[in-house]
>>> print(open('structure.tsv').read())   # TSV, C-alpha atoms and all ligand atoms
chain	number	residue	atom	x	y	z
A	1	MET	CA	71.32	106.00	119.50
A	2	ASN	CA	73.96	108.77	119.77
A	3	ILE	CA	76.13	108.49	116.67
A	4	LEU	CA	79.26	110.27	115.43
A	5	ILE	CA	80.22	110.30	111.75
A	6	THR	CA	83.76	111.27	110.79
A	7	GLY	CA	84.35	112.42	107.20
A	8	ALA	CA	80.65	113.24	107.27
A	9	LEU	CA	80.64	115.92	104.57
A	10	GLY	CA	82.35	113.65	102.02
A	11	TYR	CA	80.76	111.52	99.32
A	12	ILE	CA	79.75	108.40	101.26
A	13	GLY	CA	79.55	109.96	104.74
A	14	SER	CA	76.96	112.52	103.60
A	15	HIS	CA	74.69	109.78	102.19
A	16	VAL	CA	74.96	107.76	105.40
A	17	ALA	CA	74.27	110.90	107.47
A	18	VAL	CA	70.99	111.48	105.62
A	19	LYS	CA	69.87	107.87	106.22
A	20	ILE	CA	70.76	108.00	109.91
A	21	LEU	CA	68.87	111.24	110.41
A	22	LYS	CA	65.80	109.65	108.77
A	23	GLU	CA	65.98	106.89	111.43
A	24	ASN	CA	65.79	109.51	114.21
A	25	HIS	CA	69.16	108.84	115.81
A	26	ASN	CA	71.05	111.76	117.41
A	27	LEU	CA	73.80	112.62	115.01
A	28	THR	CA	77.08	114.51	115.40
A	29	LEU	CA	79.14	115.23	112.30
A	30	LEU	CA	82.89	115.80	112.05
A	31	ASP	CA	85.07	116.69	109.05
A	32	ASN	CA	88.20	118.78	108.46
A	33	LEU	CA	86.99	119.70	104.93
A	34	ALA	CA	90.21	118.36	103.33
A	35	ASN	CA	88.13	116.89	100.48
A	36	SER	CA	84.67	118.37	100.93
A	37	LYS	CA	82.78	121.63	101.18
A	38	ILE	CA	80.93	123.12	104.16
A	39	SER	CA	77.92	123.65	101.85
A	40	ASN	CA	77.28	119.89	102.11
A	41	LEU	CA	76.17	120.42	105.71
A	42	LYS	CA	73.22	122.58	104.61
A	43	LYS	CA	72.39	120.01	101.92
A	44	ILE	CA	72.34	117.14	104.43
A	45	GLU	CA	70.05	119.23	106.65
A	46	LYS	CA	67.83	120.24	103.73
A	47	ILE	CA	67.34	116.64	102.52
A	48	SER	CA	66.68	115.26	106.00
A	49	GLY	CA	64.75	118.25	107.35
A	50	LYS	CA	66.85	118.00	110.56
A	51	LYS	CA	69.55	120.09	112.22
A	52	THR	CA	72.84	118.46	113.20
A	53	ASP	CA	75.89	119.41	115.26
A	54	PHE	CA	78.97	119.81	113.09
A	55	TYR	CA	82.60	120.06	114.22
A	56	LYS	CA	85.33	121.17	111.83
A	57	LEU	CA	88.07	119.00	113.30
A	58	ASP	CA	90.86	116.72	112.20
A	59	VAL	CA	90.27	113.12	113.18
A	60	ARG	CA	93.72	113.12	114.82
A	61	GLN	CA	92.69	115.75	117.41
A	62	GLU	CA	92.28	113.11	120.09
A	63	SER	CA	91.52	115.21	123.17
A	64	SER	CA	88.93	117.42	121.41
A	65	ILE	CA	87.21	114.34	120.01
A	66	LYS	CA	87.24	112.62	123.40
A	67	LYS	CA	85.44	115.65	124.86
A	68	ILE	CA	82.78	115.50	122.12
A	69	ILE	CA	82.30	111.76	122.72
A	70	GLU	CA	81.79	112.41	126.45
A	71	LYS	CA	79.55	115.43	125.98
A	72	LYS	CA	77.31	113.71	123.42
A	73	ASN	CA	77.47	110.28	125.06
A	74	ILE	CA	78.48	108.79	121.70
A	75	GLU	CA	77.63	105.07	121.43
A	76	ALA	CA	78.55	104.39	117.81
A	77	ILE	CA	81.04	105.83	115.30
A	78	PHE	CA	81.02	105.55	111.52
A	79	HIS	CA	84.58	106.32	110.45
A	80	PHE	CA	84.79	107.66	106.88
A	81	ALA	CA	87.47	110.33	107.37
A	82	GLY	CA	90.54	109.51	105.36
A	83	LEU	CA	92.54	110.08	102.20
A	84	LYS	CA	91.49	107.99	99.20
A	85	SER	CA	93.63	108.77	96.16
A	86	VAL	CA	95.72	105.76	95.15
A	87	LYS	CA	98.01	108.02	93.10
A	88	ASN	CA	98.65	110.45	95.96
A	89	SER	CA	99.20	107.56	98.35
A	90	GLU	CA	102.21	106.49	96.29
A	91	ASN	CA	103.59	110.05	96.22
A	92	TYR	CA	102.87	110.92	99.86
A	93	PRO	CA	102.93	107.60	101.77
A	94	GLN	CA	103.69	109.26	105.10
A	95	ASP	CA	100.60	111.46	104.90
A	96	TYR	CA	98.47	108.43	104.04
A	97	PHE	CA	99.76	106.36	106.97
A	98	ASP	CA	99.38	109.33	109.27
A	99	VAL	CA	95.79	110.26	108.37
A	100	ASN	CA	94.42	106.80	107.62
A	101	VAL	CA	96.23	104.58	110.13
A	102	ASN	CA	97.29	106.95	112.93
A	103	GLY	CA	94.04	108.90	112.52
A	104	SER	CA	91.99	105.72	113.06
A	105	LYS	CA	94.11	104.71	116.06
A	106	SER	CA	93.74	108.16	117.61
A	107	LEU	CA	89.94	108.05	117.09
A	108	LEU	CA	89.75	104.63	118.77
A	109	ARG	CA	91.76	105.96	121.73
A	110	ALA	CA	89.43	108.94	122.05
A	111	PHE	CA	86.43	106.59	121.97
A	112	GLU	CA	87.99	104.28	124.58
A	113	LYS	CA	88.81	107.17	126.94
A	114	GLY	CA	85.50	108.94	126.33
A	115	ARG	CA	83.14	105.97	126.79
A	116	ALA	CA	83.28	103.14	129.30
A	117	GLY	CA	80.37	101.04	127.97
A	118	LYS	CA	79.76	99.12	124.75
A	119	LYS	CA	81.34	100.83	121.74
A	120	ILE	CA	80.19	100.30	118.14
A	121	PHE	CA	82.68	101.18	115.40
A	122	ILE	CA	82.09	100.84	111.65
A	123	PHE	CA	85.09	101.35	109.39
A	124	SER	CA	85.28	102.22	105.67
A	125	SER	CA	87.59	99.63	104.16
A	126	SER	CA	88.04	98.87	100.48
A	127	ALA	CA	88.11	96.06	97.93
A	128	THR	CA	91.59	97.32	97.09
A	129	ILE	CA	92.70	95.31	100.15
A	130	TYR	CA	92.49	92.11	98.02
A	131	GLY	CA	95.00	93.34	95.43
A	132	ASN	CA	94.68	91.24	92.28
A	133	PRO	CA	92.09	88.60	93.24
A	134	LYS	CA	92.90	85.00	92.36
A	135	LEU	CA	89.34	83.69	92.83
A	136	LEU	CA	86.20	85.44	91.63
A	137	PRO	CA	83.71	86.49	92.84
A	138	CYS	CA	85.99	87.70	95.62
A	139	LYS	CA	85.13	86.48	99.13
A	140	GLU	CA	86.07	88.06	102.46
A	141	THR	CA	88.32	85.04	103.11
A	142	HIS	CA	90.52	85.95	100.11
A	143	LYS	CA	94.07	86.80	101.10
A	144	GLU	CA	94.71	90.51	101.69
A	145	GLN	CA	97.55	91.58	99.44
A	146	PRO	CA	97.08	95.25	98.51
A	147	THR	CA	99.32	96.50	95.73
A	148	ASN	CA	99.27	100.20	96.66
A	149	ILE	CA	99.95	102.33	99.74
A	150	TYR	CA	96.28	103.33	100.05
A	151	GLY	CA	95.33	99.65	100.26
A	152	LYS	CA	98.12	99.02	102.76
A	153	THR	CA	96.72	101.72	105.04
A	154	LYS	CA	93.29	100.01	104.94
A	155	LYS	CA	94.92	96.68	105.80
A	156	GLY	CA	96.86	98.34	108.64
A	157	VAL	CA	93.64	99.70	110.17
A	158	GLU	CA	91.83	96.35	109.80
A	159	ILE	CA	94.65	94.53	111.64
A	160	PHE	CA	94.52	97.11	114.44
A	161	LEU	CA	90.71	96.86	114.72
A	162	LYS	CA	90.80	93.09	114.94
A	163	LYS	CA	93.28	93.28	117.84
A	164	LYS	CA	91.24	95.99	119.54
A	165	ALA	CA	88.04	93.93	119.39
A	166	ALA	CA	89.75	90.97	121.07
A	167	LYS	CA	89.39	92.69	124.46
A	168	GLY	CA	87.37	95.53	125.92
A	169	ASN	CA	83.77	96.27	125.08
A	170	TRP	CA	84.09	96.62	121.30
A	171	LYS	CA	81.72	95.73	118.45
A	172	ILE	CA	83.55	96.45	115.21
A	173	ILE	CA	82.87	95.90	111.52
A	174	SER	CA	85.04	96.75	108.53
A	175	LEU	CA	82.99	97.22	105.37
A	176	ARG	CA	84.96	96.55	102.19
A	177	TYR	CA	83.41	98.73	99.50
A	178	PHE	CA	83.72	97.81	95.85
A	179	ASN	CA	83.16	100.77	93.46
A	180	PRO	CA	80.61	103.26	94.84
A	181	ILE	CA	78.87	105.44	92.23
A	182	GLY	CA	75.64	107.43	91.93
A	183	SER	CA	74.12	110.08	94.13
A	184	HIS	CA	71.14	110.99	96.28
A	185	PRO	CA	67.79	111.19	94.36
A	186	SER	CA	67.54	114.90	95.29
A	187	GLY	CA	70.65	115.51	93.15
A	188	LEU	CA	72.03	117.65	96.00
A	189	ILE	CA	74.87	115.43	97.24
A	190	GLY	CA	77.23	113.20	95.26
A	191	ASP	CA	80.84	112.46	94.43
A	192	ASN	CA	82.60	115.82	94.14
A	193	PRO	CA	86.34	115.24	94.53
A	194	LYS	CA	88.63	118.28	94.75
A	195	GLY	CA	91.05	118.50	91.80
A	196	LYS	CA	91.19	116.26	88.73
A	197	PRO	CA	89.03	113.16	89.15
A	198	GLU	CA	90.78	109.78	89.21
A	199	ASN	CA	87.78	107.44	89.40
A	200	LEU	CA	85.84	106.43	86.31
A	201	LEU	CA	82.41	107.99	86.89
A	202	PRO	CA	83.65	111.44	87.99
A	203	ALA	CA	85.88	111.37	84.86
A	204	ILE	CA	82.91	110.44	82.62
A	205	ASN	CA	80.85	113.22	84.23
A	206	LYS	CA	83.50	115.80	83.32
A	207	VAL	CA	83.34	114.72	79.67
A	208	ALA	CA	79.53	114.69	79.65
A	209	LYS	CA	79.57	118.24	81.04
A	210	GLY	CA	82.03	119.37	78.36
A	211	LYS	CA	84.78	120.14	80.89
A	212	GLU	CA	87.04	117.50	79.30
A	213	LYS	CA	87.22	116.73	75.58
A	214	GLU	CA	87.34	112.96	75.88
A	215	LEU	CA	87.57	110.10	78.34
A	216	LEU	CA	90.84	108.21	78.50
A	217	ILE	CA	90.13	104.49	78.82
A	218	PHE	CA	93.07	102.87	80.54
A	219	GLY	CA	93.79	99.56	78.81
A	220	SER	CA	92.13	97.83	75.85
A	221	ASP	CA	93.73	94.39	76.00
A	222	TYR	CA	92.71	93.05	79.39
A	223	PRO	CA	91.63	89.39	79.32
A	224	THR	CA	87.93	90.36	79.38
A	225	PHE	CA	85.13	90.04	76.77
A	226	ASP	CA	85.79	93.54	75.32
A	227	GLY	CA	89.38	94.13	76.48
A	228	THR	CA	88.51	96.73	79.13
A	229	ALA	CA	88.74	96.21	82.89
A	230	ILE	CA	85.80	94.89	84.93
A	231	ARG	CA	84.61	96.22	88.29
A	232	ASP	CA	81.66	95.86	90.65
A	233	TYR	CA	79.87	99.24	90.70
A	234	ILE	CA	77.48	99.79	93.61
A	235	HIS	CA	74.97	102.61	94.12
A	236	VAL	CA	75.96	104.84	97.05
A	237	GLU	CA	72.37	104.58	98.39
A	238	ASP	CA	72.63	100.77	98.54
A	239	LEU	CA	76.06	101.17	100.13
A	240	ALA	CA	74.65	103.59	102.72
A	241	ASN	CA	71.88	101.08	103.57
A	242	GLY	CA	74.62	98.50	104.19
A	243	HIS	CA	75.93	100.76	106.97
A	244	LEU	CA	72.56	100.88	108.69
A	245	SER	CA	72.32	97.10	108.44
A	246	ALA	CA	75.78	96.80	110.01
A	247	LEU	CA	74.71	99.10	112.86
A	248	LYS	CA	71.58	97.02	113.55
A	249	TYR	CA	73.63	93.82	113.46
A	250	LEU	CA	76.18	95.13	115.97
A	251	ALA	CA	73.56	96.71	118.25
A	252	LYS	CA	72.09	93.25	118.91
A	253	LYS	CA	75.44	91.64	119.79
A	254	ARG	CA	76.23	91.00	123.44
A	255	LYS	CA	79.80	89.75	123.11
A	256	ASN	CA	82.83	91.37	121.49
A	257	VAL	CA	82.72	91.30	117.68
A	258	TYR	CA	85.13	91.93	114.85
A	259	ASP	CA	83.97	91.08	111.37
A	260	VAL	CA	84.45	92.12	107.73
A	261	PHE	CA	81.86	92.30	104.95
A	262	ASN	CA	82.06	92.99	101.22
A	263	LEU	CA	79.61	95.59	99.95
A	264	GLY	CA	79.11	95.24	96.21
A	265	THR	CA	76.44	93.97	93.82
A	266	GLY	CA	78.20	90.73	92.92
A	267	ARG	CA	78.11	91.72	89.23
A	268	GLY	CA	80.97	93.02	87.12
A	269	HIS	CA	80.83	95.57	84.27
A	270	SER	CA	83.55	96.60	81.84
A	271	VAL	CA	84.65	100.20	81.32
A	272	LEU	CA	83.16	100.17	77.82
A	273	GLU	CA	79.85	98.82	79.12
A	274	ILE	CA	79.74	101.68	81.61
A	275	VAL	CA	80.48	104.27	78.91
A	276	LYS	CA	77.89	102.86	76.46
A	277	ASN	CA	75.17	102.55	79.12
A	278	PHE	CA	75.91	106.04	80.46
A	279	GLU	CA	75.44	107.43	76.92
A	280	LYS	CA	72.21	105.49	76.42
A	281	VAL	CA	70.43	106.28	79.70
A	282	ASN	CA	71.52	109.91	79.89
A	283	LYS	CA	71.33	110.70	76.17
A	284	VAL	CA	74.79	112.29	76.11
A	285	GLU	CA	77.89	111.51	74.10
A	286	ILE	CA	81.11	110.40	75.75
A	287	PRO	CA	83.97	110.61	73.25
A	288	TYR	CA	86.79	108.35	74.37
A	289	LYS	CA	90.17	107.09	73.35
A	290	PHE	CA	92.20	104.13	74.51
A	291	PHE	CA	95.23	104.88	76.61
A	292	PRO	CA	97.92	102.64	78.18
A	293	LYS	CA	96.96	100.76	81.33
A	294	ARG	CA	97.11	102.68	84.59
A	295	LYS	CA	99.94	101.54	86.86
A	296	GLY	CA	98.72	99.10	89.50
A	297	ASP	CA	95.30	98.50	87.85
A	298	ILE	CA	93.89	94.98	87.83
A	299	ALA	CA	91.82	93.28	85.11
A	300	ILE	CA	88.78	92.06	87.03
A	301	ASN	CA	87.26	92.32	90.46
A	302	TYR	CA	83.73	91.77	91.67
A	303	ALA	CA	82.36	90.76	95.04
A	304	ASN	CA	80.90	87.69	96.57
A	305	VAL	CA	78.21	89.35	98.70
A	306	SER	CA	76.57	86.29	100.22
A	307	LYS	CA	78.04	87.00	103.67
A	308	ALA	CA	76.47	90.51	103.85
A	309	ASN	CA	73.24	89.16	102.31
A	310	SER	CA	72.79	86.54	105.00
A	311	PHE	CA	74.36	88.07	108.15
A	312	LEU	CA	73.47	91.73	107.63
A	313	ASN	CA	70.19	90.91	105.92
A	314	TRP	CA	71.18	93.41	103.23
A	315	GLU	CA	71.06	93.38	99.46
A	316	THR	CA	71.45	95.92	96.68
A	317	LYS	CA	68.34	97.19	94.92
A	318	LYS	CA	69.51	99.61	92.23
A	319	SER	CA	70.14	98.62	88.60
A	320	LEU	CA	73.14	99.79	86.59
A	321	ASP	CA	70.88	102.16	84.62
A	322	GLN	CA	69.64	103.75	87.86
A	323	MET	CA	73.23	104.14	89.07
A	324	LEU	CA	74.33	105.85	85.87
A	325	LYS	CA	71.28	108.14	85.73
A	326	SER	CA	71.80	109.27	89.29
A	327	THR	CA	75.53	109.83	88.72
A	328	TRP	CA	74.69	112.29	85.92
A	329	LEU	CA	71.77	113.88	87.81
A	330	TYR	CA	74.15	115.20	90.46
A	331	GLU	CA	76.76	116.47	88.01
A	332	LYS	CA	74.14	118.13	85.80
A	333	ASN	CA	72.68	120.08	88.75
A	334	LYS	CA	76.00	120.93	90.35
A	335	THR	CA	77.07	124.56	90.27
A	336	ASN	CA	80.40	124.32	92.11
B	401	LIG	P1	85.63	111.65	100.50
B	401	LIG	O1	86.99	112.17	100.28
B	401	LIG	O2	84.50	112.21	99.71
B	401	LIG	O3	85.23	111.76	102.05
B	401	LIG	C1	86.19	111.68	103.08
B	401	LIG	C2	85.93	112.86	104.01
B	401	LIG	O4	86.91	112.81	105.07
B	401	LIG	C3	86.10	114.21	103.33
B	401	LIG	O5	84.96	115.00	103.58
B	401	LIG	C4	87.36	114.80	103.94
B	401	LIG	O6	87.29	116.21	104.04
B	401	LIG	C5	87.39	114.12	105.30
B	401	LIG	N1	88.73	114.00	105.86
B	401	LIG	C6	89.88	113.64	105.24
B	401	LIG	N2	90.90	113.64	106.10
B	401	LIG	C7	90.38	113.99	107.31
B	401	LIG	C8	90.95	114.17	108.61
B	401	LIG	N3	92.26	114.00	108.83
B	401	LIG	N4	90.14	114.55	109.62
B	401	LIG	C9	88.80	114.75	109.41
B	401	LIG	N5	88.23	114.60	108.20
B	401	LIG	C10	89.00	114.23	107.17
B	401	LIG	O7	85.71	110.07	100.32
B	401	LIG	P2	84.56	109.00	100.26
B	401	LIG	O8	84.49	108.49	98.88
B	401	LIG	O9	83.33	109.51	100.91
B	401	LIG	O10	85.23	107.85	101.14
B	401	LIG	C11	84.92	107.70	102.51
B	401	LIG	C12	85.75	106.55	103.06
B	401	LIG	O11	85.48	105.37	102.30
B	401	LIG	C13	87.26	106.78	102.96
B	401	LIG	O12	87.87	106.25	104.12
B	401	LIG	C14	87.67	105.98	101.74
B	401	LIG	O13	88.99	105.53	101.82
B	401	LIG	C15	86.70	104.80	101.81
B	401	LIG	N6	86.44	104.19	100.50
B	401	LIG	C16	85.98	104.95	99.47
B	401	LIG	C17	85.77	104.36	98.23
B	401	LIG	C18	85.28	105.19	97.05
B	401	LIG	O14	85.38	104.73	95.92
B	401	LIG	N7	84.70	106.36	97.25
B	401	LIG	C19	86.03	103.00	98.04
B	401	LIG	C20	86.49	102.25	99.11
B	401	LIG	C21	86.68	102.86	100.36
B	402	LIG	C1	90.38	102.67	92.46
B	402	LIG	C2	91.55	102.32	93.32
B	402	LIG	C3	91.06	101.60	94.55
B	402	LIG	C4	90.00	102.41	95.28
B	402	LIG	C5	88.88	102.72	94.32
B	402	LIG	C6	87.82	103.57	94.95
B	402	LIG	C7	93.45	102.04	91.78
B	402	LIG	C8	94.44	101.09	91.24
B	402	LIG	N1	92.49	101.52	92.58
B	402	LIG	O1	89.74	101.48	92.08
B	402	LIG	O2	92.14	101.36	95.40
B	402	LIG	O3	89.48	101.69	96.38
B	402	LIG	O4	89.42	103.42	93.20
B	402	LIG	O5	88.32	104.83	95.26
B	402	LIG	O6	93.49	103.21	91.51
B	402	LIG	N2	89.32	104.20	84.31
B	402	LIG	C9	89.50	104.67	83.02
B	402	LIG	N3	89.59	106.03	82.85
B	402	LIG	C10	89.52	106.92	83.88
B	402	LIG	C11	89.33	106.42	85.19
B	402	LIG	C12	89.25	105.04	85.37
B	402	LIG	O7	89.59	103.90	82.07
B	402	LIG	O8	89.63	108.14	83.65
B	402	LIG	C13	89.21	102.75	84.50
B	402	LIG	C14	90.27	102.20	85.44
B	402	LIG	O9	91.43	101.88	84.73
B	402	LIG	C15	89.55	100.96	86.01
B	402	LIG	C16	88.07	101.37	86.01
B	402	LIG	O10	87.97	102.49	85.13
B	402	LIG	O11	89.71	99.89	85.14
B	402	LIG	C17	87.59	101.82	87.39
B	402	LIG	O12	88.51	102.79	87.87
B	402	LIG	P1	88.32	103.57	89.25
B	402	LIG	O13	87.00	104.23	89.28
B	402	LIG	O14	89.52	104.43	89.45
B	402	LIG	O15	88.28	102.42	90.33
B	402	LIG	P2	89.31	101.23	90.63
B	402	LIG	O16	90.50	101.29	89.76
B	402	LIG	O17	88.54	99.96	90.65
>>> encode(input="structure.tsv", output="structure tokens")
Amino acid sequence: MNILITGALGYIGSHVAVKILKENHNLTLLDNLANSKISNLKKIEKISGKKTDFYKLDVRQESSIKKIIEKKNIEAIFHFAGLKSVKNSENYPQDYFDVNVNGSKSLLRAFEKGRAGKKIFIFSSSATIYGNPKLLPCKETHKEQPTNIYGKTKKGVEIFLKKKAAKGNWKIISLRYFNPIGSHPSGLIGDNPKGKPENLLPAINKVAKGKEKELLIFGSDYPTFDGTAIRDYIHVEDLANGHLSALKYLAKKRKNVYDVFNLGTGRGHSVLEIVKNFEKVNKVEIPYKFFPKRKGDIAINYANVSKANSFLNWETKKSLDQMLKSTWLYEKNKTN
């Protein structure tokens, strides 16, 4: 199949790119490098042993993207390009709506104008769309009530995609990721955000590497067994496999489709559990101190993954220890 990946040099896109290349599809990569480095391209090619075509383009450049879709006869798009900082989304809401919502709309228009036949589109959504879940484990049928602008942009795109798939020749899936962590076994690609990390594992990595003195744990009196917040951490390799399963599922469909799937492990772990296990499996110390809760944080979320298990024929394989080892492997090797 001829496939385009947007946001392909980022954390999740690069892992999916490697898997797709292994399956011998023809792959075109696109990224504007807003949150990634061009060196990731060489790493993707090194791991997969294959050359790819890369375009440094903004996802909102509709006419250029339409031309690429026509030239390469693109049949499927994985859309990862977007802005993902919850904090920045509150400070720069316009930018977030523009890149995440208008960017997705513009990409869909380019795809529609550039290809007449069946179009497969797989979108990176987020568990943040549920807000503070009332029922756990959280199912796809749970009400969508995001509490931050970032989550609202994901909801905006999902609403648009559902409408789009109602007519025309569209097969669309939104994948709602829980908390992706870990890296490729080669240690070459991983989560490498520009600037100060906001997510837990990149923050732990900085402490393990001695770049930060201690980890700040946000909140010690949540209604959980140890007082720290609980999340569903999923290995990025398992997450990437979920994308291939979604592609196979859509490729078989004859009629229009729009559907959503949670991608998580179905198990929750507290912040303290993550810190203690990271120390144990990687034999490093993570000094920490408790800090007030982060604005907008929730106590507990973990996924009900039975829908993806049965319809996508997908399940996670990696243990928490494997996730934490591979998270550190990448950081340890990283030189930039
Ligand atoms: P990332 O920042 O590592 O990757 C996103 C990539 O998109 C980057 O390489 C960036 O340069 C590129 N990009 C940003 N704006 C662009 C634009 N206007 N045009 C072209 N390229 C652009 O993030 P990630 O963790 O790989 O996330 C990928 C997708 O998954 C995002 O849409 C994100 O919102 C979503 N998601 C991520 C997580 C997570 O925890 N990592 C969780 C849920 C959902
Ligand atoms: C956050 C976003 C969510 C987004 C997800 C993936 C918020 C409110 N939510 O989810 O929208 O989809 O990232 O990008 O920001 N923690 C610490 N110290 C740190 C960092 C984190 O204690 O330095 C804690 C957090 O308070 C949280 C847990 O670790 O309890 C996980 O945090 P994080 O990795 O940021 O993910 P989420 O908050 O689940």
>>> closest_residue(input="structure.tsv", among="A:Phe54, A:Tyr130, A:Phe121, A:Tyr150", to="A:Phe97", atoms="only C-alpha atoms")
A:Tyr150
>>> closest_residue(input="structure.tsv", among="A:Ile286, A:Ala246, A:Val59, A:Val271", to="ligand LIG 401 (chain B)", atoms="all atoms listed in the file")
A:Val59
>>> atom_distance(input="structure.tsv", atom1="atom CA of A:Gly227", atom2="atom C16 of ligand LIG 402 (chain B)")
12.0 Å
>>> atom_distance(input="structure.tsv", atom1="atom CA of A:Asn205", atom2="atom CA of A:Thr224")
24.4 Å
>>> residues_around(input="structure.tsv", residues="stretch 236-241 of chain A", least_positions_apart="6", cutoff="7 Å", atoms="all atoms listed in the file", output="VMD selection string")
chain A and resid 12 15 to 16 180 to 184 263 316 to 317
>>> residues_around(input="structure.tsv", residues="A:Leu33", least_positions_apart="3", cutoff="8 Å", atoms="only C-alpha atoms", output="list in words")
Leu9, Ser36, Lys37, Ile38 and Lys56 of chain A
>>> atom_distance(input="structure.tsv", atom1="atom CA of A:Ile68", atom2="atom CA of A:Asn100")
20.5 Å
>>> residues_around(input="structure.tsv", residues="A:Ser63", least_positions_apart="4", cutoff="10 Å", atoms="all atoms listed in the file", output="ChimeraX atom specification")
/A:67-69,106-107,109-110,113-114
>>> residues_near_ligand(input="structure.tsv", ligand="ligand LIG 401 (chain B)", cutoff="9 Å", atoms="only C-alpha atoms and all ligand atoms", output="PDB file with C-alpha atoms, in the coordinates of the input")
ATOM      1  CA  THR A   6      83.760 111.270 110.790  1.00  0.00           C
ATOM      2  CA  GLY A   7      84.350 112.420 107.200  1.00  0.00           C
ATOM      3  CA  ALA A   8      80.650 113.240 107.270  1.00  0.00           C
ATOM      4  CA  LEU A   9      80.640 115.920 104.570  1.00  0.00           C
ATOM      5  CA  GLY A  10      82.350 113.650 102.020  1.00  0.00           C
ATOM      6  CA  TYR A  11      80.760 111.520  99.320  1.00  0.00           C
ATOM      7  CA  ILE A  12      79.750 108.400 101.260  1.00  0.00           C
ATOM      8  CA  GLY A  13      79.550 109.960 104.740  1.00  0.00           C
ATOM      9  CA  SER A  14      76.960 112.520 103.600  1.00  0.00           C
ATOM     10  CA  HIS A  15      74.690 109.780 102.190  1.00  0.00           C
ATOM     11  CA  LEU A  30      82.890 115.800 112.050  1.00  0.00           C
ATOM     12  CA  ASP A  31      85.070 116.690 109.050  1.00  0.00           C
ATOM     13  CA  ASN A  32      88.200 118.780 108.460  1.00  0.00           C
ATOM     14  CA  LEU A  33      86.990 119.700 104.930  1.00  0.00           C
ATOM     15  CA  ALA A  34      90.210 118.360 103.330  1.00  0.00           C
ATOM     16  CA  ASN A  35      88.130 116.890 100.480  1.00  0.00           C
ATOM     17  CA  SER A  36      84.670 118.370 100.930  1.00  0.00           C
ATOM     18  CA  LYS A  37      82.780 121.630 101.180  1.00  0.00           C
ATOM     19  CA  LYS A  56      85.330 121.170 111.830  1.00  0.00           C
ATOM     20  CA  LEU A  57      88.070 119.000 113.300  1.00  0.00           C
ATOM     21  CA  ASP A  58      90.860 116.720 112.200  1.00  0.00           C
ATOM     22  CA  VAL A  59      90.270 113.120 113.180  1.00  0.00           C
ATOM     23  CA  ARG A  60      93.720 113.120 114.820  1.00  0.00           C
ATOM     24  CA  GLN A  61      92.690 115.750 117.410  1.00  0.00           C
ATOM     25  CA  HIS A  79      84.580 106.320 110.450  1.00  0.00           C
ATOM     26  CA  PHE A  80      84.790 107.660 106.880  1.00  0.00           C
ATOM     27  CA  ALA A  81      87.470 110.330 107.370  1.00  0.00           C
ATOM     28  CA  GLY A  82      90.540 109.510 105.360  1.00  0.00           C
ATOM     29  CA  LEU A  83      92.540 110.080 102.200  1.00  0.00           C
ATOM     30  CA  LYS A  84      91.490 107.990  99.200  1.00  0.00           C
ATOM     31  CA  SER A  85      93.630 108.770  96.160  1.00  0.00           C
ATOM     32  CA  ASP A  98      99.380 109.330 109.270  1.00  0.00           C
ATOM     33  CA  VAL A  99      95.790 110.260 108.370  1.00  0.00           C
ATOM     34  CA  ASN A 100      94.420 106.800 107.620  1.00  0.00           C
ATOM     35  CA  GLY A 103      94.040 108.900 112.520  1.00  0.00           C
ATOM     36  CA  PHE A 123      85.090 101.350 109.390  1.00  0.00           C
ATOM     37  CA  SER A 124      85.280 102.220 105.670  1.00  0.00           C
ATOM     38  CA  SER A 125      87.590  99.630 104.160  1.00  0.00           C
ATOM     39  CA  SER A 126      88.040  98.870 100.480  1.00  0.00           C
ATOM     40  CA  ALA A 127      88.110  96.060  97.930  1.00  0.00           C
ATOM     41  CA  THR A 128      91.590  97.320  97.090  1.00  0.00           C
ATOM     42  CA  TYR A 150      96.280 103.330 100.050  1.00  0.00           C
ATOM     43  CA  GLY A 151      95.330  99.650 100.260  1.00  0.00           C
ATOM     44  CA  LYS A 154      93.290 100.010 104.940  1.00  0.00           C
ATOM     45  CA  LEU A 175      82.990  97.220 105.370  1.00  0.00           C
ATOM     46  CA  ARG A 176      84.960  96.550 102.190  1.00  0.00           C
ATOM     47  CA  TYR A 177      83.410  98.730  99.500  1.00  0.00           C
ATOM     48  CA  PHE A 178      83.720  97.810  95.850  1.00  0.00           C
ATOM     49  CA  ASN A 179      83.160 100.770  93.460  1.00  0.00           C
ATOM     50  CA  PRO A 180      80.610 103.260  94.840  1.00  0.00           C
ATOM     51  CA  ILE A 181      78.870 105.440  92.230  1.00  0.00           C
ATOM     52  CA  GLY A 190      77.230 113.200  95.260  1.00  0.00           C
ATOM     53  CA  ASP A 191      80.840 112.460  94.430  1.00  0.00           C
ATOM     54  CA  ASN A 192      82.600 115.820  94.140  1.00  0.00           C
ATOM     55  CA  PRO A 193      86.340 115.240  94.530  1.00  0.00           C
ATOM     56  CA  LYS A 194      88.630 118.280  94.750  1.00  0.00           C
ATOM     57  CA  ASN A 199      87.780 107.440  89.400  1.00  0.00           C
ATOM     58  CA  VAL A 236      75.960 104.840  97.050  1.00  0.00           C
TER      59      VAL A 236
END
>>> closest_residue(input="structure.tsv", among="A:Thr52, A:Thr153, A:Ser319, A:Thr228", to="ligand LIG 402 (chain B)", atoms="all atoms listed in the file")
A:Thr228
>>> closest_residue(input="structure.tsv", among="A:Lys318, A:Lys134, A:His235, A:Lys206", to="ligand LIG 402 (chain B)", atoms="all atoms listed in the file")
A:Lys206
